[in-house]
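**Q** Contents of upload26.tsv (TSV, C-alpha atoms and all ligand atoms):
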chain	number	residue	atom	x	y	z
A	1	MET	CA	13.34	-17.64	-6.63
A	2	SER	CA	10.01	-19.19	-5.75
A	3	GLU	CA	8.08	-20.72	-8.66
A	4	ASP	CA	5.15	-18.59	-7.57
A	5	GLY	CA	7.10	-15.36	-7.72
A	6	LEU	CA	8.15	-13.09	-4.93
A	7	ASP	CA	6.16	-10.96	-2.54
A	8	PHE	CA	7.72	-7.50	-2.29
A	9	TYR	CA	6.60	-5.34	0.62
A	10	VAL	CA	7.37	-1.65	0.70
A	11	LEU	CA	7.15	-0.89	4.42
A	12	THR	CA	6.30	2.74	4.81
A	13	GLY	CA	5.10	4.96	7.62
A	14	PHE	CA	5.92	8.25	9.23
A	15	LEU	CA	9.04	8.90	11.31
A	16	GLY	CA	9.04	6.82	14.47
A	17	SER	CA	5.73	5.11	13.70
A	18	GLY	CA	7.08	1.62	14.45
A	19	LYS	CA	8.32	0.28	11.10
A	20	THR	CA	11.62	-1.17	12.33
A	21	THR	CA	9.97	-2.68	15.42
A	22	LEU	CA	7.25	-4.31	13.32
A	23	LEU	CA	9.84	-5.72	10.95
A	24	ARG	CA	12.10	-6.84	13.78
A	25	ASP	CA	9.19	-8.73	15.39
A	26	PHE	CA	8.37	-10.37	12.06
A	27	LEU	CA	11.96	-11.49	11.53
A	28	GLU	CA	11.81	-13.35	14.83
A	29	LEU	CA	8.95	-15.57	13.60
A	30	PRO	CA	9.83	-18.92	11.99
A	31	GLU	CA	8.00	-18.01	8.77
A	32	ALA	CA	10.43	-15.15	8.17
A	33	ALA	CA	13.20	-17.63	7.29
A	34	ASP	CA	12.76	-17.11	3.54
A	35	THR	CA	12.88	-13.29	3.71
A	36	ALA	CA	15.41	-10.72	2.54
A	37	VAL	CA	15.39	-7.18	3.88
A	38	ILE	CA	16.45	-3.89	2.35
A	39	VAL	CA	16.77	-0.93	4.69
A	40	ASN	CA	16.90	2.68	3.64
A	41	GLU	CA	17.64	5.47	6.04
A	42	ALA	CA	17.99	8.92	4.57
A	43	GLY	CA	21.15	10.50	5.91
A	44	GLU	CA	21.11	8.37	9.01
A	45	ILE	CA	23.62	6.03	10.57
A	46	GLY	CA	22.44	2.60	9.60
A	47	LEU	CA	20.84	1.98	12.98
A	48	ASP	CA	17.81	0.15	11.58
A	49	GLY	CA	20.13	-2.29	9.80
A	50	VAL	CA	21.91	-2.99	13.07
A	51	VAL	CA	18.64	-3.54	14.95
A	52	LEU	CA	17.30	-5.84	12.26
A	53	ARG	CA	20.50	-7.91	12.08
A	54	GLU	CA	19.99	-8.70	15.77
A	55	SER	CA	16.67	-10.36	14.92
A	56	GLY	CA	17.25	-11.49	11.38
A	57	GLY	CA	20.15	-13.81	12.13
A	58	GLU	CA	21.46	-15.10	8.81
A	59	LEU	CA	18.85	-13.37	6.64
A	60	PRO	CA	20.22	-11.25	3.81
A	61	ILE	CA	19.94	-7.61	4.87
A	62	ALA	CA	21.01	-4.94	2.38
A	63	GLU	CA	21.37	-1.30	3.31
A	64	LEU	CA	20.80	1.63	1.00
A	65	ALA	CA	22.43	4.37	3.00
A	66	ASN	CA	23.37	7.00	0.45
A	67	GLY	CA	20.20	8.96	0.30
A	68	CYS	CA	16.47	8.75	0.45
A	69	VAL	CA	15.10	5.80	-1.49
A	70	CYS	CA	12.45	7.93	-3.11
A	71	CYS	CA	14.67	10.73	-4.40
A	72	GLN	CA	18.15	9.55	-5.19
A	73	ILE	CA	18.75	5.86	-5.41
A	74	GLY	CA	16.35	4.28	-7.88
A	75	SER	CA	19.11	2.40	-9.69
A	76	ASP	CA	20.75	1.32	-6.42
A	77	LEU	CA	17.45	-0.16	-5.37
A	78	ALA	CA	17.03	-2.01	-8.66
A	79	PHE	CA	20.61	-3.29	-8.42
A	80	THR	CA	20.13	-4.42	-4.82
A	81	ILE	CA	16.96	-6.31	-5.69
A	82	ASP	CA	18.68	-8.01	-8.63
A	83	ARG	CA	21.52	-9.03	-6.35
A	84	LEU	CA	19.20	-10.47	-3.68
A	85	VAL	CA	17.10	-12.38	-6.18
A	86	MET	CA	20.09	-13.83	-8.05
A	87	ALA	CA	22.14	-14.73	-4.97
A	88	PRO	CA	22.43	-18.48	-4.38
A	89	ARG	CA	20.41	-19.58	-1.37
A	90	PRO	CA	22.34	-21.03	1.59
A	91	PRO	CA	22.48	-24.84	1.72
A	92	GLY	CA	19.24	-26.22	3.17
A	93	ALA	CA	17.38	-22.91	2.84
A	94	GLY	CA	14.14	-22.71	0.88
A	95	PRO	CA	13.61	-20.35	-2.03
A	96	LEU	CA	13.42	-16.63	-1.37
A	97	ARG	CA	9.73	-15.85	-0.89
A	98	ARG	CA	9.64	-12.23	0.13
A	99	ILE	CA	11.66	-9.06	0.15
A	100	ILE	CA	10.80	-6.30	2.59
A	101	LEU	CA	12.05	-2.78	1.89
A	102	GLU	CA	11.88	-0.56	4.94
A	103	THR	CA	11.81	2.99	3.65
A	104	SER	CA	12.82	6.04	5.61
A	105	GLY	CA	10.04	7.83	7.48
A	106	LEU	CA	10.11	10.70	4.99
A	107	SER	CA	10.09	8.61	1.79
A	108	MET	CA	7.31	9.11	-0.71
A	109	PRO	CA	6.15	5.72	-2.01
A	110	GLY	CA	5.41	6.74	-5.61
A	111	PRO	CA	9.02	6.89	-6.90
A	112	VAL	CA	9.85	3.59	-5.18
A	113	LEU	CA	6.96	1.91	-6.96
A	114	ARG	CA	8.08	3.37	-10.26
A	115	THR	CA	11.49	1.75	-9.78
A	116	LEU	CA	9.85	-1.56	-8.90
A	117	ALA	CA	7.72	-1.36	-12.03
A	118	THR	CA	10.93	-1.57	-14.08
A	119	LEU	CA	11.74	-4.99	-12.58
A	120	ALA	CA	8.96	-6.98	-14.20
A	121	GLU	CA	11.29	-9.89	-14.94
A	122	HIS	CA	11.29	-10.86	-11.25
A	123	ARG	CA	7.51	-11.41	-11.28
A	124	MET	CA	7.10	-9.67	-7.95
A	125	ARG	CA	3.75	-9.06	-6.30
A	126	VAL	CA	4.21	-5.63	-4.80
A	127	ALA	CA	2.27	-4.19	-1.87
A	128	VAL	CA	2.75	-1.09	0.23
A	129	ILE	CA	2.38	-1.73	3.95
A	130	GLY	CA	1.81	1.43	5.99
A	131	THR	CA	2.10	1.85	9.74
A	132	PHE	CA	-0.48	3.77	11.78
A	133	ASP	CA	0.92	4.77	15.15
A	134	LEU	CA	-1.99	4.55	17.59
A	135	THR	CA	-0.35	6.98	19.98
A	136	ARG	CA	-0.34	9.73	17.34
A	137	GLY	CA	-3.23	8.63	15.11
A	138	SER	CA	-4.06	10.96	12.29
A	139	ASP	CA	-2.29	13.89	13.96
A	140	VAL	CA	0.64	13.38	11.62
A	141	ALA	CA	-1.68	13.91	8.64
A	142	GLU	CA	-0.48	17.51	8.67
A	143	TYR	CA	2.70	16.17	7.06
A	144	GLU	CA	2.42	15.62	3.34
A	145	GLU	CA	4.66	12.55	3.52
A	146	ALA	CA	2.44	10.83	6.09
A	147	VAL	CA	-0.67	11.34	3.98
A	148	ALA	CA	1.06	10.14	0.81
A	149	GLN	CA	2.29	7.03	2.64
A	150	TRP	CA	-1.17	6.13	3.97
A	151	ALA	CA	-2.84	6.90	0.67
A	152	ALA	CA	-0.42	4.59	-1.14
A	153	ALA	CA	-0.83	1.70	1.28
A	154	HIS	CA	-2.55	-1.51	0.30
A	155	ARG	CA	-2.49	-2.61	3.93
A	156	ILE	CA	-2.30	-0.34	6.98
A	157	VAL	CA	-1.10	-1.87	10.22
A	158	THR	CA	-1.72	-0.27	13.60
A	159	THR	CA	1.32	-0.10	15.87
A	160	LYS	CA	1.97	0.57	19.58
A	161	ALA	CA	-1.34	-1.00	20.67
A	162	ASP	CA	0.27	-1.66	24.07
A	163	LEU	CA	0.73	2.08	24.61
A	164	ALA	CA	-2.73	3.17	23.48
A	165	ALA	CA	-6.18	2.97	25.10
A	166	PRO	CA	-8.17	-0.05	23.82
A	167	ALA	CA	-10.74	2.29	22.27
A	168	THR	CA	-8.01	3.77	20.07
A	169	LEU	CA	-7.47	0.38	18.49
A	170	THR	CA	-11.21	-0.17	18.00
A	171	ASP	CA	-11.61	3.24	16.38
A	172	ALA	CA	-8.56	2.89	14.16
A	173	PRO	CA	-10.29	1.33	11.10
A	174	SER	CA	-12.69	4.24	10.78
A	175	ARG	CA	-9.96	6.81	11.32
A	176	ILE	CA	-7.83	5.10	8.71
A	177	ALA	CA	-10.80	5.00	6.33
A	178	ASP	CA	-10.97	8.80	6.60
A	179	ILE	CA	-7.67	8.91	4.75
A	180	ASN	CA	-7.65	5.69	2.74
A	181	PRO	CA	-10.91	3.76	2.54
A	182	VAL	CA	-9.50	1.15	0.16
A	183	ALA	CA	-6.66	-0.13	2.31
A	184	GLU	CA	-6.93	-3.41	4.18
A	185	VAL	CA	-6.61	-2.53	7.88
A	186	VAL	CA	-4.77	-4.69	10.41
A	187	ALA	CA	-5.95	-3.58	13.87
A	188	ILE	CA	-5.23	-6.56	16.09
A	189	ALA	CA	-4.39	-6.33	19.79
A	190	ASP	CA	-2.30	-9.50	19.92
A	191	ARG	CA	1.16	-8.47	18.76
A	192	THR	CA	2.17	-11.77	17.14
A	193	ASP	CA	-1.11	-12.04	15.23
A	194	ALA	CA	-0.75	-8.42	14.11
A	195	VAL	CA	2.81	-8.98	12.92
A	196	ARG	CA	1.78	-12.11	10.98
A	197	ALA	CA	-1.15	-10.29	9.40
A	198	ALA	CA	1.08	-7.35	8.48
A	199	PHE	CA	3.23	-9.55	6.26
A	200	ALA	CA	0.59	-12.08	5.22
A	201	SER	CA	1.21	-13.49	1.78
A	202	LEU	CA	0.07	-11.44	-1.16
A	203	THR	CA	-1.18	-14.56	-2.94
A	204	VAL	CA	-4.26	-14.40	-0.74
A	205	PRO	CA	-6.97	-12.77	-2.83
A	206	PRO	CA	-7.12	-9.10	-1.94
A	207	ARG	CA	-10.14	-7.76	-0.11
A	208	LEU	CA	-11.73	-4.78	-1.71
A	209	ASP	CA	-13.67	-3.59	1.27
A	210	ILE	CA	-15.38	-0.33	0.68
A	211	ALA	CA	-15.38	1.35	4.05
A	212	SER	CA	-18.34	3.32	5.33
A	213	ALA	CA	-18.37	7.04	4.72
A	214	PRO	CA	-15.35	8.79	6.13
A	215	GLY	CA	-15.76	11.53	8.66
A	216	ALA	CA	-13.33	14.38	8.81
A	217	ALA	CA	-10.64	13.58	6.29
A	218	HIS	CA	-7.49	15.65	6.17
A	219	PRO	CA	-8.53	19.04	4.79
A	220	ARG	CA	-6.18	18.96	1.79
A	221	VAL	CA	-6.93	15.36	0.91
A	222	VAL	CA	-9.97	14.75	-1.23
A	223	LEU	CA	-11.69	11.42	-1.69
A	224	CYS	CA	-13.84	11.05	-4.79
A	225	LEU	CA	-15.87	8.29	-6.26
A	226	ALA	CA	-16.01	7.89	-10.05
A	227	ARG	CA	-18.95	5.78	-11.22
A	228	PRO	CA	-19.29	4.79	-14.88
A	229	SER	CA	-22.01	6.78	-16.62
A	230	GLY	CA	-22.74	3.91	-19.00
A	231	GLU	CA	-20.81	1.31	-20.93
A	232	VAL	CA	-17.05	1.77	-20.76
A	233	ALA	CA	-14.79	0.59	-23.57
A	234	TYR	CA	-11.26	-0.26	-22.49
A	235	PRO	CA	-9.47	2.32	-24.70
A	236	ASP	CA	-11.68	5.06	-23.23
A	237	LEU	CA	-10.94	3.86	-19.71
A	238	ALA	CA	-7.20	3.84	-20.42
A	239	ALA	CA	-7.38	7.34	-21.90
A	240	TRP	CA	-9.41	8.61	-18.94
A	241	LEU	CA	-6.93	7.22	-16.41
A	242	ASP	CA	-4.03	8.66	-18.37
A	243	ASN	CA	-5.72	12.03	-18.42
A	244	VAL	CA	-6.49	11.93	-14.70
A	245	ALA	CA	-2.80	11.25	-14.05
A	246	GLY	CA	-1.86	14.07	-16.43
A	247	ALA	CA	-4.30	16.54	-14.90
A	248	LEU	CA	-3.47	15.82	-11.27
A	249	GLY	CA	0.23	14.96	-11.57
A	250	GLU	CA	1.81	14.84	-8.12
A	251	ARG	CA	-1.52	15.63	-6.50
A	252	LEU	CA	-2.76	12.15	-7.41
A	253	LEU	CA	-2.16	9.87	-4.42
A	254	ARG	CA	-4.15	6.71	-5.14
A	255	ILE	CA	-6.81	5.15	-7.36
A	256	LYS	CA	-8.38	1.80	-6.62
A	257	GLY	CA	-11.54	0.19	-7.84
A	258	LEU	CA	-13.35	-2.11	-10.22
A	259	VAL	CA	-14.52	-1.24	-13.71
A	260	GLN	CA	-16.60	-3.41	-16.01
A	261	VAL	CA	-15.44	-2.84	-19.58
A	262	THR	CA	-17.34	-3.88	-22.68
A	263	GLU	CA	-14.48	-6.12	-23.83
A	264	SER	CA	-14.64	-8.42	-20.78
A	265	PRO	CA	-17.46	-10.17	-18.93
A	266	ARG	CA	-15.44	-9.82	-15.75
A	267	PRO	CA	-14.43	-6.63	-13.96
A	268	LEU	CA	-10.98	-5.13	-14.09
A	269	LEU	CA	-9.14	-4.19	-10.94
A	270	ILE	CA	-7.61	-0.76	-11.50
A	271	GLU	CA	-4.92	0.52	-9.16
A	272	CYS	CA	-2.34	3.23	-9.04
A	273	VAL	CA	-0.11	4.73	-6.40
A	274	GLY	CA	0.81	8.26	-7.33
A	275	THR	CA	0.81	8.22	-11.12
A	276	THR	CA	2.23	4.68	-11.36
A	277	PHE	CA	-0.44	2.24	-12.49
A	278	SER	CA	-0.33	-1.51	-11.93
A	279	PRO	CA	-1.39	-3.49	-15.01
A	280	PRO	CA	-5.20	-3.88	-14.85
A	281	ARG	CA	-6.16	-7.35	-13.65
A	282	VAL	CA	-9.22	-9.32	-14.70
A	283	LEU	CA	-10.97	-10.77	-11.66
A	284	ARG	CA	-12.85	-14.05	-11.52
A	285	ILE	CA	-16.07	-12.68	-10.08
A	286	GLU	CA	-18.66	-11.87	-12.75
A	287	LYS	CA	-21.10	-9.62	-10.95
A	288	PRO	CA	-19.31	-7.37	-8.48
A	289	PRO	CA	-21.63	-5.69	-5.95
A	290	PHE	CA	-19.94	-2.39	-6.75
A	291	THR	CA	-18.10	-0.86	-9.67
A	292	GLY	CA	-16.34	2.45	-9.63
A	293	LEU	CA	-13.06	4.03	-8.73
A	294	VAL	CA	-12.05	5.58	-5.45
A	295	ILE	CA	-9.66	8.45	-6.11
A	296	ILE	CA	-7.55	9.99	-3.37
A	297	ALA	CA	-5.89	13.25	-4.27
A	298	ARG	CA	-4.43	16.32	-2.66
A	299	ASP	CA	-5.74	19.82	-3.37
A	300	ALA	CA	-8.20	18.62	-6.00
A	301	ALA	CA	-11.96	18.61	-6.38
A	302	ALA	CA	-14.54	16.29	-7.87
A	303	ALA	CA	-15.43	19.05	-10.36
A	304	GLU	CA	-11.91	19.00	-11.77
A	305	LEU	CA	-12.05	15.23	-12.29
A	306	ALA	CA	-15.49	15.48	-13.88
A	307	GLN	CA	-13.93	17.48	-16.73
A	308	VAL	CA	-11.34	14.86	-17.61
A	309	ALA	CA	-11.62	13.52	-21.18
A	310	PRO	CA	-13.34	11.49	-22.49
A	311	ALA	CA	-15.84	13.78	-20.78
A	312	GLY	CA	-18.83	12.08	-19.23
A	313	LEU	CA	-17.25	8.61	-19.08
A	314	PHE	CA	-17.50	8.72	-15.29
A	315	LYS	CA	-19.70	10.64	-12.90
A	316	VAL	CA	-17.40	11.96	-10.24
A	317	SER	CA	-18.68	12.91	-6.82
A	318	PRO	CA	-17.17	13.48	-3.39
A	319	TRP	CA	-16.82	10.12	-1.69
A	320	LYS	CA	-19.72	8.55	0.09
A	321	ALA	CA	-20.36	4.91	0.86
A	322	PRO	CA	-21.82	2.93	-2.04
A	323	GLU	CA	-25.51	2.01	-1.90
A	324	ALA	CA	-24.71	-1.62	-1.12
A	325	SER	CA	-23.25	-0.65	2.24
A	326	ASN	CA	-25.43	-0.20	5.28
A	327	GLY	CA	-22.52	1.16	7.28
A	328	THR	CA	-22.16	-1.87	9.53
A	329	ASP	CA	-22.06	-4.71	7.07
A	330	ARG	CA	-19.42	-3.71	4.56
A	331	PRO	CA	-19.66	-5.29	1.12
A	332	ALA	CA	-16.50	-7.33	0.83
A	333	ILE	CA	-15.65	-8.25	-2.73
A	334	LYS	CA	-13.75	-11.49	-2.56
A	335	ALA	CA	-11.57	-11.27	-5.61
A	336	GLU	CA	-9.37	-13.92	-7.12
A	337	TRP	CA	-6.67	-13.25	-9.66
A	338	VAL	CA	-6.96	-14.80	-13.07
A	339	ALA	CA	-3.63	-16.48	-13.66
T	401	LIG	N1	5.77	0.12	23.45
T	401	LIG	C1	5.96	0.06	22.14
T	401	LIG	N2	6.91	0.81	21.58
T	401	LIG	C2	7.08	0.74	20.24
T	401	LIG	C3	6.28	-0.09	19.43
T	401	LIG	N3	6.67	0.07	18.15
T	401	LIG	C4	7.66	0.97	18.17
T	401	LIG	N4	7.92	1.37	19.42
T	401	LIG	C5	8.93	2.34	19.86
T	401	LIG	O1	8.78	3.54	19.09
T	401	LIG	C6	10.04	4.08	18.75
T	401	LIG	C7	10.13	4.19	17.22
T	401	LIG	O2	9.99	2.88	16.70
T	401	LIG	P1	10.71	2.40	15.37
T	401	LIG	O3	10.29	1.00	15.15
T	401	LIG	O4	12.16	2.70	15.40
T	401	LIG	O5	10.00	3.38	14.34
T	401	LIG	P2	10.40	3.65	12.81
T	401	LIG	O6	9.11	3.94	12.10
T	401	LIG	O7	11.24	2.55	12.29
T	401	LIG	O8	11.25	4.96	12.96
T	401	LIG	P3	12.13	5.73	11.78
T	401	LIG	O9	13.04	4.69	11.17
T	401	LIG	O10	12.85	6.79	12.54
T	401	LIG	O11	11.15	6.32	10.84
T	401	LIG	C8	11.08	3.15	19.33
T	401	LIG	O12	11.47	3.69	20.56
T	401	LIG	C9	10.34	1.85	19.53
T	401	LIG	O13	10.86	1.09	20.61
T	401	LIG	C10	5.26	-0.86	20.05
T	401	LIG	O14	4.48	-1.61	19.42
T	401	LIG	N5	5.14	-0.74	21.41
Turn this file's structure into structure tokens for me.
**A**
Amino acid sequence: MSEDGLDFYVLTGFLGSGKTTLLRDFLELPEAADTAVIVNEAGEIGLDGVVLRESGGELPIAELANGCVCCQIGSDLAFTIDRLVMAPRPPGAGPLRRIILETSGLSMPGPVLRTLATLAEHRMRVAVIGTFDLTRGSDVAEYEEAVAQWAAAHRIVTTKADLAAPATLTDAPSRIADINPVAEVVAIADRTDAVRAAFASLTVPPRLDIASAPGAAHPRVVLCLARPSGEVAYPDLAAWLDNVAGALGERLLRIKGLVQVTESPRPLLIECVGTTFSPPRVLRIEKPPFTGLVIIARDAAAAELAQVAPAGLFKVSPWKAPEASNGTDRPAIKAEWVA
């Protein structure tokens, strides 16, 4: 395993949105040499594994074919990851640097992330990469799975640019922001550049772009902004997040944001996908231009979140762009992880 730990990408996206093709194109690049792939197809015939073997050459490719990765095979996934990480590398090969799990088009990302959270010993940096099919756009938002996949994504990559009008690609970031304003968007016409950006290393400090106000989000998906009412002590923050997860349960799709707590001069990055929280991380920046949490949920309302205990810790309102944004020049918080 790499001294720096492994990047683990959960490649998600709706049925037929271009996941296998994106992965296949990546595996043909020289930088994919130190990659292992896990493919999951719910009740299918292992076709993706066959397609990827064509491109992946000697790369380790494991198939999880006995059910949907999100519902049935948590322990199989953990076992497969253990096996890939522990396997001796072929003579002359570098250390394993990344594992890509291609999930089935109907997988919900939350349970997968919960399984990954049990594998802390592998020191994996985990990110969800979602595909956004430009030929269908947000039309598939009527499917609960598609919305959950986009909401969970740390990075959303547009696909099928060659089949779509150029304006579709240009508009994609704002359409994606309607559903997930905290995801990094890869909307690049050049296919090779797009493929590289899709699987760019997770050691690069994450961008916390706060997109301009979304337009017509999916009617059942609510975006809220929780701003601290005053000073926030860490135990209160932890209790509040716990209670949000408890109150919303499966309706909670994503939380991402920065909170300044009294115990630290630097802000904490807070993130969850579904009700699975990543450990809060202290960032290097001291004065972030924006603090607050973006909450994406289904069938919920700001008023419901406003009642979460400790009451009054956050002011919760329907999402609108933070004051620092003028709509064209987005405030990019360049964050660096504290080791
Ligand atoms: N022209 C073009 N076709 C694409 C592109 N990406 C995917 N396709 C086609 O779209 C169809 C579905 O692509 P896949 O990559 O199999 O999609 P998927 O998300 O893996 O599909 P599932 O595994 O069924 O969920 C295939 O016929 C691909 O050839 C693209 O960038 N350009």
**Q** Which residues are near ligand LIG 401 (chain T) in this structure, taking near to mean any atom at most 7 Å from a ligand atom and counting only C-alpha atoms and all ligand atoms? Format them as a tab-separated table (two decimals) with C-alpha atoms, in the coordinates of the input.
**A**
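Result file follows (part_29.tsv):
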chain	number	residue	atom	x	y	z
A	13	GLY	CA	5.10	4.96	7.62
A	14	PHE	CA	5.92	8.25	9.23
A	15	LEU	CA	9.04	8.90	11.31
A	16	GLY	CA	9.04	6.82	14.47
A	17	SER	CA	5.73	5.11	13.70
A	18	GLY	CA	7.08	1.62	14.45
A	19	LYS	CA	8.32	0.28	11.10
A	20	THR	CA	11.62	-1.17	12.33
A	21	THR	CA	9.97	-2.68	15.42
A	22	LEU	CA	7.25	-4.31	13.32
A	41	GLU	CA	17.64	5.47	6.04
A	48	ASP	CA	17.81	0.15	11.58
A	104	SER	CA	12.82	6.04	5.61
A	105	GLY	CA	10.04	7.83	7.48
A	159	THR	CA	1.32	-0.10	15.87
A	160	LYS	CA	1.97	0.57	19.58
A	161	ALA	CA	-1.34	-1.00	20.67
A	162	ASP	CA	0.27	-1.66	24.07
A	163	LEU	CA	0.73	2.08	24.61
**Q** What's the separation between CA of Ala297 in chain A and CA of Val316 in chain A, in Å to one decimal place?
**A**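 Interatomic distance here is 13.0 Å.
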**Q** Listing only residues of range 144-182 of chain A within 8 Å of range 256-279 of chain A, what is the closest atom pair and its distance in Å (to one decimal) for each, using all atoms listed in the file, sorted by chain and residue number ascending, as a Markdown table?
**A**
| residue | atom | partner | partner_atom | distance |
| --- | --- | --- | --- | --- |
| A:Ala151 | CA | A:Val273 | CA | 7.9 |
| A:Ala152 | CA | A:Val273 | CA | 5.3 |
| A:Val182 | CA | A:Lys256 | CA | 6.9 |
**Q** What would the file look like if the residues just selected were written as a short mmCIF file (atom, residue, chain, number, x, y, z; two decimals), keeping the file's coordinate frame with C-alpha atoms?
**A**
data_model
loop_
_atom_site.label_atom_id
_atom_site.label_comp_id
_atom_site.auth_asym_id
_atom_site.auth_seq_id
_atom_site.Cartn_x
_atom_site.Cartn_y
_atom_site.Cartn_z
CA ALA A 151 -2.84 6.90 0.67
CA ALA A 152 -0.42 4.59 -1.14
CA VAL A 182 -9.50 1.15 0.16
#
**Q** I want to know what sits within 12 Å of range 247-255 of chain A, based on only C-alpha atoms, with residues of the same chain fewer than 6 positions away left out; could you give that as a count of residues only?
**A** 59
**Q** Calculate how many Å separate CA of Leu6 in chain A from CA of Val39 in chain A, rounding to one decimal.
**A**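 Going from CA of Leu6 in chain A over to CA of Val39 in chain A, I get 17.7 Å.
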**Q** Which of these, A:Leu59, A:Leu106, A:Pro228, A:Leu116, has the shortest distance to Asp76 in chain A once you count all atoms listed in the file?
**A** A:Leu116
**Q** Given all atoms listed in the file as the basis, pick out the residue of A:Arg281, A:Val85, A:Ser107, A:Trp319 nearest to Ala177 in chain A.
**A**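 Ranked by minimum distance to Ala177 in chain A, first place goes to A:Trp319.
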**Q** Distance CA of Arg136 in chain A-CA of Thr168 in chain A, one decimal place?
**A**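 About the pair CA of Arg136 in chain A and CA of Thr168 in chain A: they are 10.1 Å apart.
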**Q** Can I get range 126-145 of chain A with N, CA and C atoms filled in, as a compact mmCIF listing (two decimals), keeping the file's coordinate frame?
**A**
# COMPACT_ATOMS: atom_id res chain seq x y z
N VAL A 126 3.76 -6.75 -5.62
CA VAL A 126 4.21 -5.63 -4.80
C VAL A 126 3.05 -5.08 -3.98
N ALA A 127 3.29 -4.86 -2.70
CA ALA A 127 2.27 -4.19 -1.87
C ALA A 127 2.95 -3.18 -0.97
N VAL A 128 2.25 -2.10 -0.71
CA VAL A 128 2.75 -1.09 0.23
C VAL A 128 2.08 -1.33 1.58
N ILE A 129 2.90 -1.52 2.60
CA ILE A 129 2.38 -1.73 3.95
C ILE A 129 2.66 -0.45 4.73
N GLY A 130 1.64 0.18 5.25
CA GLY A 130 1.81 1.43 5.99
C GLY A 130 1.59 1.21 7.48
N THR A 131 2.32 1.96 8.30
CA THR A 131 2.10 1.85 9.74
C THR A 131 1.25 3.03 10.23
N PHE A 132 0.39 2.75 11.18
CA PHE A 132 -0.48 3.77 11.78
C PHE A 132 -0.23 3.72 13.28
N ASP A 133 0.51 4.73 13.75
CA ASP A 133 0.92 4.77 15.15
C ASP A 133 -0.28 5.20 16.00
N LEU A 134 -0.77 4.26 16.82
CA LEU A 134 -1.99 4.55 17.59
C LEU A 134 -1.80 5.66 18.60
N THR A 135 -0.56 5.92 18.99
CA THR A 135 -0.35 6.98 19.98
C THR A 135 -0.41 8.37 19.33
N ARG A 136 -0.28 8.42 18.02
CA ARG A 136 -0.34 9.73 17.34
C ARG A 136 -1.54 9.81 16.40
N GLY A 137 -2.05 8.65 15.97
CA GLY A 137 -3.23 8.63 15.11
C GLY A 137 -3.06 9.47 13.88
N SER A 138 -4.15 10.16 13.50
CA SER A 138 -4.06 10.96 12.29
C SER A 138 -3.47 12.33 12.52
N ASP A 139 -2.92 12.58 13.72
CA ASP A 139 -2.29 13.89 13.96
C ASP A 139 -1.19 14.19 12.96
N VAL A 140 -0.48 13.13 12.54
CA VAL A 140 0.64 13.38 11.62
C VAL A 140 0.17 13.65 10.19
N ALA A 141 -1.16 13.64 9.99
CA ALA A 141 -1.68 13.91 8.64
C ALA A 141 -1.36 15.33 8.19
N GLU A 142 -0.88 16.17 9.11
CA GLU A 142 -0.48 17.51 8.67
C GLU A 142 0.80 17.45 7.83
N TYR A 143 1.50 16.31 7.88
CA TYR A 143 2.70 16.17 7.06
C TYR A 143 2.33 15.49 5.75
N GLU A 144 2.74 16.12 4.67
CA GLU A 144 2.42 15.62 3.34
C GLU A 144 2.90 14.18 3.15
N GLU A 145 4.09 13.90 3.70
CA GLU A 145 4.66 12.55 3.52
C GLU A 145 3.76 11.50 4.17
